[in-house]
Amino acid sequence: MKPAEFDRHAAGYDGGLDNPVKRLMGNSPDQFIAVKARWLLRHEPALRSGGLAMLDYGCGAGDLMRVLAGLGARAAFSGCDISQGMLEEVGKRWSEALGPAPTIVVQNGVRTAFADRQFDVITISAVLHHVPIEERAAVYRELGRVLKPGGRLYVFEHNPRNPLVRYVIARTPIDENAILLDAREVRHGLLDDSRYDLKTDYLMFMPPGLAFLRPVDRMLAWLPLGAQYVVAARKGA
Ligand SMILES: C[S@@+](CC[C@H](N)C(=O)[O-])C[C@H]1O[C@@H](n2cnc3c(N)ncnc32)[C@H](O)[C@@H]1O
């Protein structure tokens with residue numbers, strides 16, 4: 001298998017925090033991930049119960065699952081990625097106190113080895129902008145294949161409508177080949193493949209490190225200008 005683009009970023013991967021503007025907003029990569037993890041736990045409280053099977057597609061170093069577990073999630077986690085190097089980081093960053101380590105699977109292109117309708121919850125976070133435009137439909141198809149009827153898919157992405165996001169992405173080495181996508185593109189791509197009920201929230205209006213401003217973020221979730229968005233998709237039964 002030829003090396004994936006992220007193999008060369010894997011050792012010491014920090015989610016692009018080498019960018020000085022991003023560093024002004026938060027001083028650790030986990031602060032950025034925790035915004036998404038807290039949003040997920042509010043919308044999927046059953047993740048804490050231990051009964052759900054959750055896949056993080058394009059999980060990289062497994063940071064979203066690790067931060068979720070640190071906040072109390074006890075799902076049966078699985079992660080997959082096209083980068084063997086990134087997946088090797090998952091075990092190194094996981095600690096026993098977080099519960100059983102995720103099941104990790106290297107992808108063959110967009111396809112995974114998971115069974116049809118295997119997962120209750122799927123996340124795909126900061127991945128699609130690294131997937132060539134002509135391959136994105138195949139990713140939506142794969143996500144739809146492994147999601148249970150009634151299951152929930154959450155697509156987290158950088159929001160190109162936010163000018164600061166465009167500025168940062170254009171100056172961050174891990175994003176040199178990134179092609180950002182609007183929430184509308186995600187919604188249309190998903191609906192081309194399956195029947196979903198869709199809802200979009202915007203996240204990260206305020207610097208993630210400033211906990212006292214979190215209520216402001218929650219009040220603004222409707223405004224399409226946050227640094228991130230999440231398209232929440234419930235698959236038809
Ligand atoms: C910016 S990192 C994000 C990693 C992780 N999702 C997170 O939020 O920390 C992007 C990841 O997407 C992966 N990736 C890129 N194209 C992919 C594809 N077609 N299928 C699965 N993963 C892919 C890369 O290998 C990399 O690990």
# chains A, B, ... in the order shown; residues from 1 in each chain; ligands from 1

call {"tool": "residues_around", "arguments": {"residues": "Ile124 (chain A)", "least_positions_apart": "4", "cutoff": "8 Å", "atoms": "only C-alpha atoms", "output": "PDB file with C-alpha atoms, in the first residue's frame"}}
result
ATOM      1  CA  ASP A  56     -14.642   7.429  14.026  1.00  0.00           C
ATOM      2  CA  TYR A  57     -13.930   7.350  10.260  1.00  0.00           C
ATOM      3  CA  GLY A  58     -10.564   8.949   9.413  1.00  0.00           C
ATOM      4  CA  CYS A  59      -9.771   8.878  13.122  1.00  0.00           C
ATOM      5  CA  LEU A 128     -13.570  15.349   4.087  1.00  0.00           C
ATOM      6  CA  LEU A 153     -23.776  10.229  11.561  1.00  0.00           C
ATOM      7  CA  TYR A 154     -21.956  13.422  12.578  1.00  0.00           C
ATOM      8  CA  VAL A 155     -19.829  15.263  10.030  1.00  0.00           C
ATOM      9  CA  PHE A 156     -17.551  17.881  11.618  1.00  0.00           C
TER      10      PHE A 156
END

call {"tool": "residues_near_ligand", "arguments": {"ligand": "ligand 1", "cutoff": "8 Å", "atoms": "only C-alpha atoms and all ligand atoms", "output": "ChimeraX atom specification"}}
result
/A:4-7,10,15-16,33,56-64,80-83,86-87,107,109-111,124-128,130-132,135-136,139,174-175

call {"tool": "atom_distance", "arguments": {"atom1": "CA of Val35 (chain A)", "atom2": "CA of Gly209 (chain A)"}}
result
9.6 Å

call {"tool": "residues_around", "arguments": {"residues": "Leu147 (chain A)", "least_positions_apart": "4", "cutoff": "8 Å", "atoms": "only C-alpha atoms", "output": "PyMOL selection string"}}
result
chain A and resi 116-122+143+151-153+235

call {"tool": "residues_around", "arguments": {"residues": "Met219 (chain A)", "least_positions_apart": "6", "cutoff": "12 Å", "atoms": "only C-alpha atoms", "output": "PDB file with N, CA and C atoms, in the first residue's frame"}}
result
ATOM      1  N   ASP A 201     -25.404  22.470  12.962  1.00  0.00           N
ATOM      2  CA  ASP A 201     -25.037  23.418  14.026  1.00  0.00           C
ATOM      3  C   ASP A 201     -23.676  24.008  13.690  1.00  0.00           C
ATOM      4  N   TYR A 202     -23.471  25.255  14.084  1.00  0.00           N
ATOM      5  CA  TYR A 202     -22.163  25.901  13.924  1.00  0.00           C
ATOM      6  C   TYR A 202     -21.507  25.998  15.297  1.00  0.00           C
ATOM      7  N   LEU A 203     -20.202  25.758  15.321  1.00  0.00           N
ATOM      8  CA  LEU A 203     -19.462  25.655  16.582  1.00  0.00           C
ATOM      9  C   LEU A 203     -18.252  26.579  16.543  1.00  0.00           C
ATOM     10  N   MET A 204     -17.683  26.821  17.724  1.00  0.00           N
ATOM     11  CA  MET A 204     -16.389  27.485  17.856  1.00  0.00           C
ATOM     12  C   MET A 204     -16.416  28.923  17.343  1.00  0.00           C
ATOM     13  N   PHE A 205     -17.292  29.695  17.934  1.00  0.00           N
ATOM     14  CA  PHE A 205     -17.282  31.144  17.690  1.00  0.00           C
ATOM     15  C   PHE A 205     -16.240  31.799  18.598  1.00  0.00           C
ATOM     16  N   MET A 206     -16.078  31.224  19.763  1.00  0.00           N
ATOM     17  CA  MET A 206     -15.192  31.777  20.782  1.00  0.00           C
ATOM     18  C   MET A 206     -13.948  30.893  20.884  1.00  0.00           C
ATOM     19  N   LEU A 213     -16.842  31.395  28.103  1.00  0.00           N
ATOM     20  CA  LEU A 213     -17.585  31.867  26.922  1.00  0.00           C
ATOM     21  C   LEU A 213     -18.389  30.749  26.228  1.00  0.00           C
ATOM     22  N   GLY A 226     -19.546  30.154  12.526  1.00  0.00           N
ATOM     23  CA  GLY A 226     -18.607  29.540  13.469  1.00  0.00           C
ATOM     24  C   GLY A 226     -17.412  28.951  12.725  1.00  0.00           C
TER      25      GLY A 226
END

call {"tool": "residues_around", "arguments": {"residues": "Thr103 (chain A)", "least_positions_apart": "6", "cutoff": "7 Å", "atoms": "only C-alpha atoms", "output": "list in words"}}
result
Phe77, Ser78 and Gly79 of chain A

call {"tool": "atom_distance", "arguments": {"atom1": "CA of Leu71 (chain A)", "atom2": "CA of Pro20 (chain A)"}}
result
27.4 Å

call {"tool": "atom_distance", "arguments": {"atom1": "CA of Pro102 (chain A)", "atom2": "CA of Arg74 (chain A)"}}
result
10.8 Å

call {"tool": "residues_around", "arguments": {"residues": "Leu40 (chain A)", "least_positions_apart": "5", "cutoff": "10 Å", "atoms": "only C-alpha atoms", "output": "list in words"}}
result
Ala34, Val35, Pro45, Leu47, Leu68, Ala73, Thr123, Tyr154, Val230 and Ala232 of chain A

call {"tool": "closest_residue", "arguments": {"among": "A:Ala76, A:Gln228, A:Leu220, A:Pro215", "to": "Ser49 (chain A)", "atoms": "only C-alpha atoms"}}
result
A:Ala76

call {"tool": "closest_residue", "arguments": {"among": "A:Leu181, A:Leu198, A:Val168, A:Glu176", "to": "Met25 (chain A)", "atoms": "only C-alpha atoms"}}
result
A:Val168

call {"tool": "select_by_dssp", "arguments": {"residues": "region 104-157 of chain A", "states": "strand (DSSP E)", "output": "list in words"}}
result
Ile104, Val105, Val106, Phe119, Asp120, Val121, Ile122, Thr123, Ile124, Ser125, Leu147, Lys148, Pro149, Gly150, Gly151, Arg152, Leu153, Tyr154, Val155, Phe156 and Glu157 of chain A

call {"tool": "write_last_selection", "arguments": {"atoms": "N, CA and C atoms", "output": "short mmCIF file (atom, residue, chain, number, x, y, z; two decimals), in the first residue's frame"}}
result
data_model
loop_
_atom_site.label_atom_id
_atom_site.label_comp_id
_atom_site.auth_asym_id
_atom_site.auth_seq_id
_atom_site.Cartn_x
_atom_site.Cartn_y
_atom_site.Cartn_z
N ILE A 104 -8.94 -0.85 15.80
CA ILE A 104 -8.36 -0.02 14.75
C ILE A 104 -8.27 -0.81 13.45
N VAL A 105 -8.68 -0.20 12.36
CA VAL A 105 -8.67 -0.87 11.05
C VAL A 105 -8.07 0.07 10.00
N VAL A 106 -7.08 -0.42 9.27
CA VAL A 106 -6.51 0.38 8.17
C VAL A 106 -7.43 0.23 6.97
N PHE A 119 -22.75 0.09 12.96
CA PHE A 119 -22.55 1.13 13.98
C PHE A 119 -23.82 1.92 14.30
N ASP A 120 -23.95 2.26 15.60
CA ASP A 120 -25.05 3.13 16.04
C ASP A 120 -24.71 4.59 15.77
N VAL A 121 -23.45 4.93 15.94
CA VAL A 121 -23.00 6.32 15.82
C VAL A 121 -21.71 6.33 15.00
N ILE A 122 -21.64 7.25 14.03
CA ILE A 122 -20.39 7.42 13.27
C ILE A 122 -20.02 8.90 13.29
N THR A 123 -18.73 9.16 13.50
CA THR A 123 -18.22 10.53 13.36
C THR A 123 -17.19 10.55 12.24
N ILE A 124 -17.12 11.67 11.56
CA ILE A 124 -16.05 11.91 10.58
C ILE A 124 -15.67 13.38 10.76
N SER A 125 -14.47 13.59 11.27
CA SER A 125 -14.11 14.92 11.76
C SER A 125 -12.82 15.41 11.10
N LEU A 147 -23.54 2.30 8.72
CA LEU A 147 -24.42 2.88 9.74
C LEU A 147 -25.73 2.08 9.82
N LYS A 148 -26.16 1.80 11.06
CA LYS A 148 -27.44 1.08 11.25
C LYS A 148 -28.61 1.94 10.80
N PRO A 149 -29.72 1.36 10.38
CA PRO A 149 -30.94 2.16 10.20
C PRO A 149 -31.29 2.82 11.54
N GLY A 150 -31.61 4.08 11.50
CA GLY A 150 -31.88 4.81 12.74
C GLY A 150 -30.59 5.32 13.40
N GLY A 151 -29.43 4.94 12.86
CA GLY A 151 -28.14 5.37 13.42
C GLY A 151 -27.88 6.84 13.09
N ARG A 152 -26.92 7.41 13.79
CA ARG A 152 -26.61 8.83 13.63
C ARG A 152 -25.19 9.03 13.15
N LEU A 153 -25.08 9.89 12.14
CA LEU A 153 -23.78 10.23 11.56
C LEU A 153 -23.51 11.71 11.83
N TYR A 154 -22.31 12.03 12.28
CA TYR A 154 -21.96 13.42 12.58
C TYR A 154 -20.73 13.82 11.77
N VAL A 155 -20.92 14.79 10.89
CA VAL A 155 -19.83 15.26 10.03
C VAL A 155 -19.35 16.61 10.56
N PHE A 156 -18.15 16.64 11.12
CA PHE A 156 -17.55 17.88 11.62
C PHE A 156 -16.56 18.39 10.57
N GLU A 157 -16.67 19.67 10.26
CA GLU A 157 -15.75 20.25 9.27
C GLU A 157 -15.41 21.69 9.61
#

call {"tool": "select_by_dssp", "arguments": {"residues": "region 22-217 of chain A", "states": "helix (DSSP H, G or I)", "output": "PyMOL selection string"}}
result
chain A and resi 22-25+29-43+45-48+63-70+84-93+96-98+128-130+133-146+163-169+173-175+183-193+211-217

call {"tool": "residues_around", "arguments": {"residues": "Val21 (chain A)", "least_positions_apart": "5", "cutoff": "12 Å", "atoms": "only C-alpha atoms", "output": "list in words"}}
result
Gly16, Gly26, Asn27, Leu164, Val165, Arg166, Tyr167, Val168, Ile169, Ala170, Arg171, Thr172 and Pro207 of chain A

call {"tool": "write_last_selection", "arguments": {"atoms": "C-alpha atoms", "output": "PDB file, in the first residue's frame"}}
result
ATOM      1  CA  GLY A  16      -2.133  22.050  13.014  1.00  0.00           C
ATOM      2  CA  GLY A  26      -6.230  27.661  22.250  1.00  0.00           C
ATOM      3  CA  ASN A  27      -3.041  26.273  23.697  1.00  0.00           C
ATOM      4  CA  LEU A 164     -10.272  33.409   9.874  1.00  0.00           C
ATOM      5  CA  VAL A 165     -10.627  29.697   9.097  1.00  0.00           C
ATOM      6  CA  ARG A 166      -9.659  30.283   5.456  1.00  0.00           C
ATOM      7  CA  TYR A 167      -6.682  32.355   6.607  1.00  0.00           C
ATOM      8  CA  VAL A 168      -5.447  29.647   9.005  1.00  0.00           C
ATOM      9  CA  ILE A 169      -5.989  26.718   6.614  1.00  0.00           C
ATOM     10  CA  ALA A 170      -4.030  28.469   3.862  1.00  0.00           C
ATOM     11  CA  ARG A 171      -1.046  28.743   6.236  1.00  0.00           C
ATOM     12  CA  THR A 172      -1.041  25.333   7.973  1.00  0.00           C
ATOM     13  CA  PRO A 207     -11.613  30.601  21.485  1.00  0.00           C
TER      14      PRO A 207
END

call {"tool": "closest_residue", "arguments": {"among": "A:Gln84, A:Lys36, A:Ala138, A:Asp193", "to": "Val231 (chain A)", "atoms": "only C-alpha atoms"}}
result
A:Lys36
